>>> print(open('upload-v6.cif').read())   # mmCIF, C-alpha atoms
data_my_file
loop_
_atom_site.group_PDB
_atom_site.id
_atom_site.type_symbol
_atom_site.label_atom_id
_atom_site.label_comp_id
_atom_site.auth_asym_id
_atom_site.auth_seq_id
_atom_site.Cartn_x
_atom_site.Cartn_y
_atom_site.Cartn_z
ATOM 1 C CA MET A 296 15.058 -13.743 -5.872
ATOM 2 C CA LYS A 297 12.093 -14.482 -3.624
ATOM 3 C CA LYS A 298 9.434 -16.945 -4.821
ATOM 4 C CA ILE A 299 6.288 -15.356 -6.262
ATOM 5 C CA LEU A 300 2.863 -16.958 -6.636
ATOM 6 C CA THR A 301 0.117 -15.186 -8.583
ATOM 7 C CA ILE A 302 -3.539 -16.197 -8.414
ATOM 8 C CA ALA A 303 -6.247 -15.636 -11.048
ATOM 9 C CA LEU A 304 -9.674 -16.836 -9.971
ATOM 10 C CA ASN A 305 -11.441 -15.128 -12.876
ATOM 11 C CA PRO A 306 -9.027 -15.094 -15.837
ATOM 12 C CA ALA A 307 -10.023 -14.001 -19.329
ATOM 13 C CA ILE A 308 -9.154 -13.989 -22.975
ATOM 14 C CA ASP A 309 -8.605 -10.269 -23.608
ATOM 15 C CA ILE A 310 -9.383 -9.139 -27.161
ATOM 16 C CA SER A 311 -8.814 -5.576 -28.327
ATOM 17 C CA SER A 312 -9.231 -3.734 -31.606
ATOM 18 C CA GLU A 313 -9.764 -0.284 -33.085
ATOM 19 C CA ALA A 314 -12.652 1.379 -34.922
ATOM 20 C CA GLU A 315 -12.973 4.794 -36.488
ATOM 21 C CA VAL A 316 -16.352 5.395 -34.809
ATOM 22 C CA VAL A 317 -18.398 3.278 -32.392
ATOM 23 C CA ARG A 318 -22.127 3.648 -33.110
ATOM 24 C CA HIS A 319 -25.173 1.919 -31.716
ATOM 25 C CA THR A 320 -27.305 -0.354 -33.949
ATOM 26 C CA HIS A 321 -24.934 -0.135 -36.931
ATOM 27 C CA LYS A 322 -22.135 -2.636 -37.462
ATOM 28 C CA THR A 323 -18.834 -1.334 -36.133
ATOM 29 C CA ARG A 324 -15.999 -2.471 -38.372
ATOM 30 C CA THR A 325 -12.824 -3.052 -36.389
ATOM 31 C CA HIS A 326 -9.170 -3.558 -37.250
ATOM 32 C CA ASN A 327 -5.794 -4.186 -35.560
ATOM 33 C CA GLN A 328 -7.214 -7.009 -33.462
ATOM 34 C CA GLN A 329 -4.994 -8.412 -30.711
ATOM 35 C CA GLN A 330 -5.629 -11.111 -28.147
ATOM 36 C CA PHE A 331 -3.752 -11.952 -24.991
ATOM 37 C CA PRO A 332 -4.241 -14.082 -21.894
ATOM 38 C CA GLY A 333 -5.759 -11.761 -19.312
ATOM 39 C CA GLY A 334 -7.506 -11.187 -16.035
ATOM 40 C CA GLY A 335 -5.809 -9.671 -12.990
ATOM 41 C CA GLY A 336 -3.548 -12.473 -11.782
ATOM 42 C CA VAL A 337 -2.667 -13.522 -15.332
ATOM 43 C CA ASN A 338 -1.664 -9.965 -16.224
ATOM 44 C CA VAL A 339 0.489 -9.736 -13.097
ATOM 45 C CA ALA A 340 2.255 -12.961 -14.092
ATOM 46 C CA ARG A 341 2.784 -11.706 -17.658
ATOM 47 C CA VAL A 342 4.426 -8.510 -16.435
ATOM 48 C CA LEU A 343 6.586 -10.366 -13.921
ATOM 49 C CA ALA A 344 7.772 -12.622 -16.748
ATOM 50 C CA GLU A 345 8.489 -9.583 -18.940
ATOM 51 C CA LEU A 346 10.578 -8.085 -16.144
ATOM 52 C CA GLY A 347 12.579 -11.292 -15.863
ATOM 53 C CA ALA A 348 11.080 -12.821 -12.729
ATOM 54 C CA GLU A 349 10.150 -16.452 -12.305
ATOM 55 C CA CYS A 350 6.648 -16.892 -10.972
ATOM 56 C CA GLU A 351 3.995 -19.536 -10.551
ATOM 57 C CA LEU A 352 0.465 -18.847 -11.765
ATOM 58 C CA MET A 353 -2.531 -20.691 -10.322
ATOM 59 C CA PHE A 354 -5.781 -20.120 -12.216
ATOM 60 C CA LEU A 355 -9.226 -21.565 -12.843
ATOM 61 C CA SER A 356 -9.751 -22.786 -16.391
ATOM 62 C CA GLY A 357 -12.702 -24.346 -18.184
ATOM 63 C CA GLY A 358 -14.244 -24.870 -21.613
ATOM 64 C CA ALA A 359 -12.755 -24.225 -25.030
ATOM 65 C CA THR A 360 -11.708 -20.731 -23.962
ATOM 66 C CA GLY A 361 -9.849 -22.259 -21.037
ATOM 67 C CA GLU A 362 -7.924 -24.457 -23.442
ATOM 68 C CA LEU A 363 -7.123 -21.380 -25.527
ATOM 69 C CA LEU A 364 -5.989 -19.507 -22.427
ATOM 70 C CA GLN A 365 -3.609 -22.307 -21.504
ATOM 71 C CA ALA A 366 -2.254 -22.460 -25.059
ATOM 72 C CA MET A 367 -1.597 -18.713 -24.981
ATOM 73 C CA LEU A 368 0.229 -18.969 -21.664
ATOM 74 C CA ARG A 369 2.331 -21.985 -22.606
ATOM 75 C CA PRO A 370 5.076 -20.106 -24.529
ATOM 76 C CA LEU A 371 5.623 -17.681 -21.645
ATOM 77 C CA PRO A 372 8.262 -18.265 -18.936
ATOM 78 C CA ILE A 373 5.581 -18.845 -16.312
ATOM 79 C CA VAL A 374 4.963 -21.977 -14.237
ATOM 80 C CA GLU A 375 1.291 -22.663 -15.050
ATOM 81 C CA ARG A 376 -1.032 -24.495 -12.703
ATOM 82 C CA PRO A 377 -4.551 -24.587 -14.152
ATOM 83 C CA PHE A 378 -7.385 -25.941 -12.011
ATOM 84 C CA PRO A 379 -10.353 -27.295 -13.980
ATOM 85 C CA ILE A 380 -13.869 -25.899 -13.789
ATOM 86 C CA HIS A 381 -16.964 -26.743 -15.831
ATOM 87 C CA ASP A 382 -17.872 -23.309 -17.207
ATOM 88 C CA PRO A 383 -15.767 -21.606 -19.893
ATOM 89 C CA VAL A 384 -13.275 -18.839 -19.188
ATOM 90 C CA ARG A 385 -14.772 -15.433 -20.023
ATOM 91 C CA VAL A 386 -13.828 -13.353 -23.080
ATOM 92 C CA ALA A 387 -13.385 -9.602 -22.565
ATOM 93 C CA TYR A 388 -13.382 -7.096 -25.397
ATOM 94 C CA ALA A 389 -12.022 -3.560 -25.732
ATOM 95 C CA VAL A 390 -12.438 -1.174 -28.662
ATOM 96 C CA ARG A 391 -10.494 2.045 -29.072
ATOM 97 C CA GLU A 392 -12.376 4.677 -31.061
ATOM 98 C CA SER A 393 -9.612 6.266 -33.120
ATOM 99 C CA SER A 394 -11.620 9.398 -33.975
ATOM 100 C CA THR A 395 -11.868 10.373 -30.295
ATOM 101 C CA GLY A 396 -9.196 8.321 -28.545
ATOM 102 C CA LEU A 397 -11.871 6.912 -26.225
ATOM 103 C CA GLU A 398 -11.716 3.277 -25.188
ATOM 104 C CA TYR A 399 -14.794 1.083 -24.697
ATOM 105 C CA ARG A 400 -14.278 -1.983 -22.492
ATOM 106 C CA PHE A 401 -16.719 -4.888 -22.211
ATOM 107 C CA VAL A 402 -15.967 -7.201 -19.278
ATOM 108 C CA PRO A 403 -18.217 -10.247 -18.638
ATOM 109 C CA GLU A 404 -18.876 -11.449 -15.101
ATOM 110 C CA GLY A 405 -17.262 -14.811 -15.769
ATOM 111 C CA PRO A 406 -18.055 -18.469 -15.058
ATOM 112 C CA LEU A 407 -20.066 -19.957 -12.233
ATOM 113 C CA VAL A 408 -17.613 -21.745 -9.929
ATOM 114 C CA THR A 409 -18.578 -24.243 -7.244
ATOM 115 C CA ASP A 410 -16.881 -24.760 -3.885
ATOM 116 C CA VAL A 411 -15.836 -28.223 -5.036
ATOM 117 C CA GLU A 412 -14.081 -26.743 -8.068
ATOM 118 C CA LEU A 413 -12.407 -23.987 -6.059
ATOM 119 C CA GLU A 414 -11.114 -26.118 -3.193
ATOM 120 C CA PRO A 415 -8.126 -27.763 -4.993
ATOM 121 C CA LEU A 416 -6.725 -24.317 -5.833
ATOM 122 C CA MET A 417 -7.276 -23.137 -2.251
ATOM 123 C CA GLU A 418 -5.447 -26.186 -0.922
ATOM 124 C CA ALA A 419 -2.571 -25.634 -3.362
ATOM 125 C CA VAL A 420 -2.186 -22.063 -2.146
ATOM 126 C CA ARG A 421 -2.240 -23.261 1.452
ATOM 127 C CA ARG A 422 0.637 -25.638 0.678
ATOM 128 C CA SER A 423 2.642 -23.156 -1.405
ATOM 129 C CA ASP A 424 6.072 -22.066 -0.177
ATOM 130 C CA ALA A 425 6.017 -18.752 -2.078
ATOM 131 C CA ASP A 426 7.403 -15.672 -0.323
ATOM 132 C CA TYR A 427 4.923 -13.356 -2.074
ATOM 133 C CA VAL A 428 1.336 -14.366 -2.820
ATOM 134 C CA VAL A 429 -0.404 -12.004 -5.236
ATOM 135 C CA ALA A 430 -4.172 -12.217 -5.783
ATOM 136 C CA SER A 431 -5.518 -9.878 -8.437
ATOM 137 C CA GLY A 432 -8.877 -9.514 -10.151
ATOM 138 C CA SER A 433 -12.556 -10.058 -9.544
ATOM 139 C CA LEU A 434 -14.131 -13.156 -8.062
ATOM 140 C CA PRO A 435 -16.162 -15.398 -10.384
ATOM 141 C CA ARG A 436 -19.816 -16.096 -9.702
ATOM 142 C CA GLY A 437 -20.520 -18.589 -6.951
ATOM 143 C CA VAL A 438 -17.322 -17.848 -5.057
ATOM 144 C CA SER A 439 -17.733 -16.456 -1.538
ATOM 145 C CA SER A 440 -16.771 -12.810 -1.057
ATOM 146 C CA ASP A 441 -14.431 -13.826 1.783
ATOM 147 C CA THR A 442 -12.275 -16.019 -0.492
ATOM 148 C CA TYR A 443 -9.384 -13.547 -0.517
ATOM 149 C CA VAL A 444 -9.609 -13.345 3.283
ATOM 150 C CA ARG A 445 -9.039 -17.112 3.420
ATOM 151 C CA LEU A 446 -6.120 -16.885 0.999
ATOM 152 C CA ALA A 447 -4.593 -14.075 3.043
ATOM 153 C CA ALA A 448 -4.854 -16.251 6.163
ATOM 154 C CA PHE A 449 -2.980 -19.066 4.402
ATOM 155 C CA ALA A 450 -0.175 -16.667 3.493
ATOM 156 C CA GLU A 451 -0.014 -15.130 6.970
ATOM 157 C CA ALA A 452 0.183 -18.574 8.599
ATOM 158 C CA ARG A 453 3.366 -19.283 6.631
ATOM 159 C CA GLY A 454 4.906 -15.826 6.995
ATOM 160 C CA ALA A 455 4.379 -15.001 3.307
ATOM 161 C CA LYS A 456 3.466 -11.492 2.169
ATOM 162 C CA PHE A 457 -0.042 -11.296 0.699
ATOM 163 C CA ILE A 458 -0.742 -8.623 -1.918
ATOM 164 C CA LEU A 459 -4.237 -7.911 -3.205
ATOM 165 C CA ASP A 460 -5.788 -5.933 -6.040
ATOM 166 C CA THR A 461 -9.564 -6.307 -6.223
ATOM 167 C CA SER A 462 -12.770 -4.343 -5.747
ATOM 168 C CA GLY A 463 -16.333 -4.469 -4.424
ATOM 169 C CA ASP A 464 -17.351 -6.905 -1.712
ATOM 170 C CA ALA A 465 -14.081 -8.827 -2.018
ATOM 171 C CA LEU A 466 -12.103 -5.678 -1.173
ATOM 172 C CA THR A 467 -14.454 -4.792 1.674
ATOM 173 C CA GLU A 468 -14.049 -8.238 3.210
ATOM 174 C CA VAL A 469 -10.261 -7.947 3.184
ATOM 175 C CA LEU A 470 -10.182 -4.384 4.530
ATOM 176 C CA THR A 471 -12.442 -5.344 7.428
ATOM 177 C CA LYS A 472 -11.388 -8.909 8.283
ATOM 178 C CA ALA A 473 -7.895 -9.750 7.014
ATOM 179 C CA ARG A 474 -4.275 -8.883 7.714
ATOM 180 C CA VAL A 475 -2.312 -8.321 4.509
ATOM 181 C CA PHE A 476 0.980 -6.831 3.422
ATOM 182 C CA LEU A 477 -0.287 -4.589 0.614
ATOM 183 C CA VAL A 478 -3.632 -3.631 -0.911
ATOM 184 C CA LYS A 479 -3.803 -1.633 -4.156
ATOM 185 C CA PRO A 480 -7.230 -0.143 -4.893
ATOM 186 C CA SER A 481 -7.890 2.562 -7.439
ATOM 187 C CA LEU A 482 -9.332 5.793 -6.085
ATOM 188 C CA GLY A 483 -12.829 4.788 -7.228
ATOM 189 C CA GLU A 484 -12.526 1.363 -5.585
ATOM 190 C CA PHE A 485 -11.320 2.912 -2.335
ATOM 191 C CA GLU A 486 -14.108 5.495 -2.388
ATOM 192 C CA SER A 487 -16.666 2.711 -2.868
ATOM 193 C CA PHE A 488 -15.267 1.002 0.194
ATOM 194 C CA VAL A 489 -15.337 4.079 2.450
ATOM 195 C CA GLY A 490 -18.722 5.144 1.054
ATOM 196 C CA ARG A 491 -17.920 8.693 0.013
ATOM 197 C CA LYS A 492 -15.927 10.821 -2.409
ATOM 198 C CA LEU A 493 -12.411 11.645 -1.270
ATOM 199 C CA GLY A 494 -10.342 14.644 -2.248
ATOM 200 C CA HIS A 495 -6.719 13.852 -3.015
ATOM 201 C CA ASP A 496 -5.670 15.669 0.158
ATOM 202 C CA VAL A 497 -7.642 13.266 2.391
ATOM 203 C CA VAL A 498 -7.095 9.931 0.615
ATOM 204 C CA GLY A 499 -3.794 9.409 2.415
ATOM 205 C CA PRO A 500 -5.019 10.131 5.960
ATOM 206 C CA VAL A 501 -8.147 8.001 5.468
ATOM 207 C CA ALA A 502 -6.083 5.073 4.169
ATOM 208 C CA GLN A 503 -3.598 5.549 6.996
ATOM 209 C CA ASP A 504 -6.385 5.044 9.527
ATOM 210 C CA TYR A 505 -6.928 1.543 8.114
ATOM 211 C CA VAL A 506 -3.209 0.808 8.102
ATOM 212 C CA ARG A 507 -2.965 1.821 11.766
ATOM 213 C CA GLN A 508 -5.857 -0.519 12.564
ATOM 214 C CA GLY A 509 -3.620 -3.368 11.379
ATOM 215 C CA ILE A 510 -5.635 -4.356 8.296
ATOM 216 C CA ALA A 511 -2.699 -3.810 5.929
ATOM 217 C CA GLU A 512 0.923 -2.805 6.304
ATOM 218 C CA HIS A 513 0.658 -0.674 3.169
ATOM 219 C CA ILE A 514 -2.127 0.688 0.977
ATOM 220 C CA ALA A 515 -1.306 2.040 -2.490
ATOM 221 C CA VAL A 516 -4.123 4.051 -4.069
ATOM 222 C CA THR A 517 -3.765 4.745 -7.786
ATOM 223 C CA LEU A 518 -5.194 8.074 -8.964
ATOM 224 C CA GLY A 519 -5.015 7.614 -12.744
ATOM 225 C CA ALA A 520 -3.695 10.743 -14.416
ATOM 226 C CA ASP A 521 -3.070 12.271 -10.983
ATOM 227 C CA GLY A 522 -0.464 9.744 -9.898
ATOM 228 C CA ALA A 523 -0.594 7.477 -6.854
ATOM 229 C CA ILE A 524 -0.375 7.509 -3.057
ATOM 230 C CA LEU A 525 1.442 4.996 -0.863
ATOM 231 C CA VAL A 526 0.392 4.849 2.781
ATOM 232 C CA SER A 527 2.195 3.183 5.679
ATOM 233 C CA ALA A 528 1.636 3.565 9.414
ATOM 234 C CA ASP A 529 4.176 6.381 9.704
ATOM 235 C CA ARG A 530 4.347 7.826 6.207
ATOM 236 C CA ILE A 531 2.249 9.020 3.273
ATOM 237 C CA VAL A 532 4.025 9.314 -0.085
ATOM 238 C CA ARG A 533 2.518 10.760 -3.236
ATOM 239 C CA LEU A 534 4.001 10.517 -6.717
ATOM 240 C CA ALA A 535 2.818 12.593 -9.649
ATOM 241 C CA ALA A 536 1.837 10.710 -12.787
ATOM 242 C CA ILE A 537 4.567 9.979 -15.313
ATOM 243 C CA ASP A 538 3.846 11.879 -18.520
ATOM 244 C CA VAL A 539 3.526 9.316 -21.320
ATOM 245 C CA PRO A 540 1.444 9.032 -24.505
ATOM 246 C CA VAL A 541 -1.835 7.307 -23.645
ATOM 247 C CA ASN A 542 -2.979 4.400 -25.801
ATOM 248 C CA SER A 543 -4.863 2.116 -23.407
ATOM 249 C CA ALA A 544 -5.404 1.870 -19.657
ATOM 250 C CA THR A 545 -6.160 -1.863 -19.835
ATOM 251 C CA GLY A 546 -3.886 -3.754 -17.453
ATOM 252 C CA ALA A 547 -2.212 -0.643 -16.021
ATOM 253 C CA GLY A 548 -3.264 -1.459 -12.452
ATOM 254 C CA ASP A 549 -2.114 -5.069 -12.769
ATOM 255 C CA SER A 550 1.207 -3.833 -14.150
ATOM 256 C CA PHE A 551 1.549 -1.451 -11.205
ATOM 257 C CA VAL A 552 1.129 -4.368 -8.804
ATOM 258 C CA ALA A 553 3.556 -6.564 -10.755
ATOM 259 C CA GLY A 554 6.170 -3.809 -10.811
ATOM 260 C CA MET A 555 5.940 -3.382 -7.052
ATOM 261 C CA VAL A 556 6.152 -7.121 -6.420
ATOM 262 C CA TRP A 557 9.140 -7.530 -8.750
ATOM 263 C CA SER A 558 11.011 -4.732 -6.989
ATOM 264 C CA LEU A 559 10.166 -6.069 -3.524
ATOM 265 C CA ALA A 560 11.249 -9.577 -4.497
ATOM 266 C CA GLU A 561 14.550 -8.079 -5.665
ATOM 267 C CA GLY A 562 15.068 -6.742 -2.146
ATOM 268 C CA HIS A 563 14.194 -3.092 -2.663
ATOM 269 C CA SER A 564 12.329 -0.911 -0.178
ATOM 270 C CA VAL A 565 8.564 -0.440 -0.334
ATOM 271 C CA ALA A 566 9.050 3.219 -1.326
ATOM 272 C CA ASP A 567 11.350 2.238 -4.192
ATOM 273 C CA ALA A 568 8.965 -0.544 -5.232
ATOM 274 C CA PHE A 569 6.155 2.021 -5.286
ATOM 275 C CA ARG A 570 8.090 4.128 -7.765
ATOM 276 C CA PHE A 571 8.897 1.067 -9.884
ATOM 277 C CA GLY A 572 5.249 0.010 -9.869
ATOM 278 C CA GLN A 573 4.213 3.413 -11.123
ATOM 279 C CA ALA A 574 6.723 3.122 -13.967
ATOM 280 C CA ALA A 575 5.303 -0.288 -14.934
ATOM 281 C CA GLY A 576 1.760 1.076 -14.941
ATOM 282 C CA ALA A 577 2.774 4.054 -17.085
ATOM 283 C CA ALA A 578 4.641 1.801 -19.503
ATOM 284 C CA THR A 579 1.474 -0.249 -19.986
ATOM 285 C CA VAL A 580 -0.575 2.871 -20.728
ATOM 286 C CA MET A 581 1.809 3.473 -23.646
ATOM 287 C CA THR A 582 0.932 0.171 -25.339
ATOM 288 C CA ALA A 583 -2.142 -0.492 -27.432
ATOM 289 C CA GLY A 584 -5.149 -2.577 -26.468
ATOM 290 C CA THR A 585 -4.483 -5.450 -24.104
ATOM 291 C CA GLU A 586 -0.736 -5.528 -24.663
ATOM 292 C CA LEU A 587 1.106 -4.823 -21.425
ATOM 293 C CA CYS A 588 4.352 -3.043 -20.582
ATOM 294 C CA ARG A 589 7.758 -3.673 -22.124
ATOM 295 C CA ARG A 590 10.746 -4.125 -19.841
ATOM 296 C CA ALA A 591 12.857 -1.487 -21.608
ATOM 297 C CA ASP A 592 10.098 1.129 -21.225
ATOM 298 C CA VAL A 593 9.630 0.306 -17.532
ATOM 299 C CA LEU A 594 13.328 0.673 -16.765
ATOM 300 C CA ARG A 595 13.584 3.923 -18.727
ATOM 301 C CA LEU A 596 10.557 5.470 -17.039
ATOM 302 C CA TYR A 597 11.730 4.310 -13.626
ATOM 303 C CA GLU A 598 15.158 5.877 -14.048
ATOM 304 C CA GLY A 599 13.549 9.095 -15.240
ATOM 305 C CA SER A 600 11.070 9.160 -12.373
ATOM 306 C CA LYS A 601 13.861 9.102 -9.782
ATOM 307 C CA MET A 602 14.648 12.678 -10.814
ATOM 308 C CA ALA A 603 11.112 13.811 -9.925
ATOM 309 C CA PRO A 604 10.355 15.107 -6.423
ATOM 310 C CA GLU A 605 8.402 12.948 -3.992
ATOM 311 C CA GLY A 606 5.695 14.325 -1.765
ATOM 312 C CA ALA A 607 5.729 12.865 1.713
ATOM 313 C CA ARG A 608 4.464 13.483 5.187
ATOM 314 C CA GLY A 609 4.170 11.525 8.395
#
>>> encode(input="upload-v6.cif", output="structure tokens")
Amino acid sequence: MKKILTIALNPAIDISSEAEVVRHTHKTRTHNQQQFPGGGGVNVARVLAELGAECELMFLSGGATGELLQAMLRPLPIVERPFPIHDPVRVAYAVRESSTGLEYRFVPEGPLVTDVELEPLMEAVRRSDADYVVASGSLPRGVSSDTYVRLAAFAEARGAKFILDTSGDALTEVLTKARVFLVKPSLGEFESFVGRKLGHDVVGPVAQDYVRQGIAEHIAVTLGADGAILVSADRIVRLAAIDVPVNSATGAGDSFVAGMVWSLAEGHSVADAFRFGQAAGAATVMTAGTELCRRADVLRLYEGSKMAPEGARG
């Protein structure tokens, strides 16, 4: 299997619980608390490990919460490479209101990171011999918005495939300045980048324009309950959503990315990896709180999805 490196510049301790009703001012009593190591790149690494892949995880870690994050990662079959920072790792919190099924997610901005603290991780990525380099998640405060552009350049210089899942200015920088293998925005993130609302019938052609400009070989846009679209220079493929019971959307996008990377590293086509990624995302939606997908569910949903028709056009 190809070597995989995942990068988490803004990891988190993800805590989730349930409450009958969430009300302002009054205390909200919660139950069924869970906590997991989280943040985009960490979640990708967790799913890759669940699927049976070996991967290396580089992440920034500081404070008592950083120590907790490392302790939570240690039992997992992941090669950890923490890089120290002064400020503590953020703690994110999600509450599912059982009376309505709604989920409330509270996501802090994260630590302030200096260039001096970031540089050792950047240099380690530059020296990495990974075949796939996966950067997922937001950038912490203090980090330049072109950081993912620099990481993409490191990967391109070595012939590695760079895969990105981020939003905001960091996504804009990559889609205007970098050359990457795959970018996976949500519909909302892609709309923010293009500056307007997009109907599902035009998402593909708009994304294809960027692919044909050479910014990315592939763009996968996730549409939530409406499925996902994969765009290449000569093809647009749309898959309907897999019908599963919904418990939590936390980590579904990261799982989608991890599923695609696992399939690609196994030697499968991009189209097949797209279908596998969708199965991983759907399997995560089935789990509660910040728990992610289970391998058995991913494989079952993937096999079932191969019976569904695929929409495609050139």
>>> resolve_selection(input="upload-v6.cif", expression="the PyMOL selection byres ((chain A and resi 330-338) around 8)", output="PyMOL selection string")
chain A and resi 301-311+328-329+339-342+352+354+364+367-368+429-433+460+546+549-550+585-587
>>> resolve_selection(input="upload-v6.cif", expression="the PyMOL selection byres ((chain A and resi 399) around 6)", output="number ranges by chain")
A: 389-390, 398, 400
>>> closest_residue(input="upload-v6.cif", among="A:Val428, A:Gly483, A:Leu596, A:Ala583", to="Asp538 in chain A", atoms="all atoms listed in the file")
A:Leu596
>>> resolve_selection(input="upload-v6.cif", expression="the PyMOL selection byres ((chain A and resi 455) around 9)", output="PyMOL selection string")
chain A and resi 424-428+449-454+456-457+476
>>> closest_residue(input="upload-v6.cif", among="A:Gly347, A:Pro500, A:Gly361, A:Pro383", to="Ala591 in chain A", atoms="only C-alpha atoms")
A:Gly347
>>> axis_aligned_box(input="upload-v6.cif", around="range 418-431 of chain A", padding_each_side="3 Å", output="lines of an AutoDock Vina configuration file")
center_x = 0.9
center_y = -18.0
center_z = -3.5
size_x = 18.9
size_y = 22.3
size_z = 15.9
>>> residues_around(input="upload-v6.cif", residues="range 323-326 of chain A", least_positions_apart="6", cutoff="12 Å", atoms="all atoms listed in the file", output="list in words")
Ile310, Ser311, Ser312, Glu313, Ala314, Glu315, Val316, Val317, Tyr388, Ala389, Val390, Arg391, Glu392, Ser393 and Gly584 of chain A
>>> decode(input="upload-v6.cif", residues="range 419-472 of chain A", atoms="C-alpha atoms", output="compact mmCIF listing (two decimals), in the first residue's frame")
# COMPACT_ATOMS: atom_id res chain seq x y z
CA ALA A 419 9.13 17.52 8.26
CA VAL A 420 6.47 17.54 5.56
CA ARG A 421 9.02 18.79 3.03
CA ARG A 422 11.26 15.83 3.88
CA SER A 423 8.47 13.23 3.97
CA ASP A 424 8.50 10.40 1.44
CA ALA A 425 4.73 9.81 1.63
CA ASP A 426 2.88 9.07 -1.61
CA TYR A 427 -0.29 10.82 -0.40
CA VAL A 428 -0.21 13.96 1.74
CA VAL A 429 -3.59 14.80 3.27
CA ALA A 430 -4.17 18.17 4.95
CA SER A 431 -7.57 18.56 6.58
CA GLY A 432 -9.09 21.16 8.87
CA SER A 433 -8.90 24.83 9.68
CA LEU A 434 -5.73 26.82 10.24
CA PRO A 435 -4.96 27.98 13.79
CA ARG A 436 -4.60 31.66 14.59
CA GLY A 437 -1.33 33.24 13.55
CA VAL A 438 -0.75 30.85 10.67
CA SER A 439 -0.62 32.39 7.19
CA SER A 440 -3.56 31.63 4.91
CA ASP A 441 -1.14 30.36 2.25
CA THR A 442 0.22 27.58 4.50
CA TYR A 443 -1.59 24.84 2.59
CA VAL A 444 -0.24 26.30 -0.66
CA ARG A 445 3.29 25.83 0.69
CA LEU A 446 2.52 22.27 1.79
CA ALA A 447 1.05 21.49 -1.62
CA ALA A 448 4.25 22.78 -3.25
CA PHE A 449 6.34 20.44 -1.08
CA ALA A 450 4.22 17.48 -2.18
CA GLU A 451 4.29 18.47 -5.86
CA ALA A 452 8.09 18.84 -5.80
CA ARG A 453 8.39 15.19 -4.76
CA GLY A 454 5.65 13.84 -7.03
CA ALA A 455 3.32 13.12 -4.10
CA LYS A 456 -0.44 13.59 -4.39
CA PHE A 457 -1.74 16.41 -2.19
CA ILE A 458 -5.32 16.20 -0.92
CA LEU A 459 -7.00 19.07 0.90
CA ASP A 460 -10.17 19.59 2.91
CA THR A 461 -10.47 23.09 4.34
CA SER A 462 -12.51 26.27 4.03
CA GLY A 463 -12.39 30.07 4.01
CA ASP A 464 -9.23 31.93 3.07
CA ALA A 465 -7.14 28.75 3.20
CA LEU A 466 -9.34 27.15 0.52
CA THR A 467 -9.32 30.31 -1.59
CA GLU A 468 -5.53 30.45 -1.51
CA VAL A 469 -5.24 26.86 -2.74
CA LEU A 470 -7.88 27.22 -5.46
CA THR A 471 -6.17 30.31 -6.83
CA LYS A 472 -2.45 29.62 -6.32
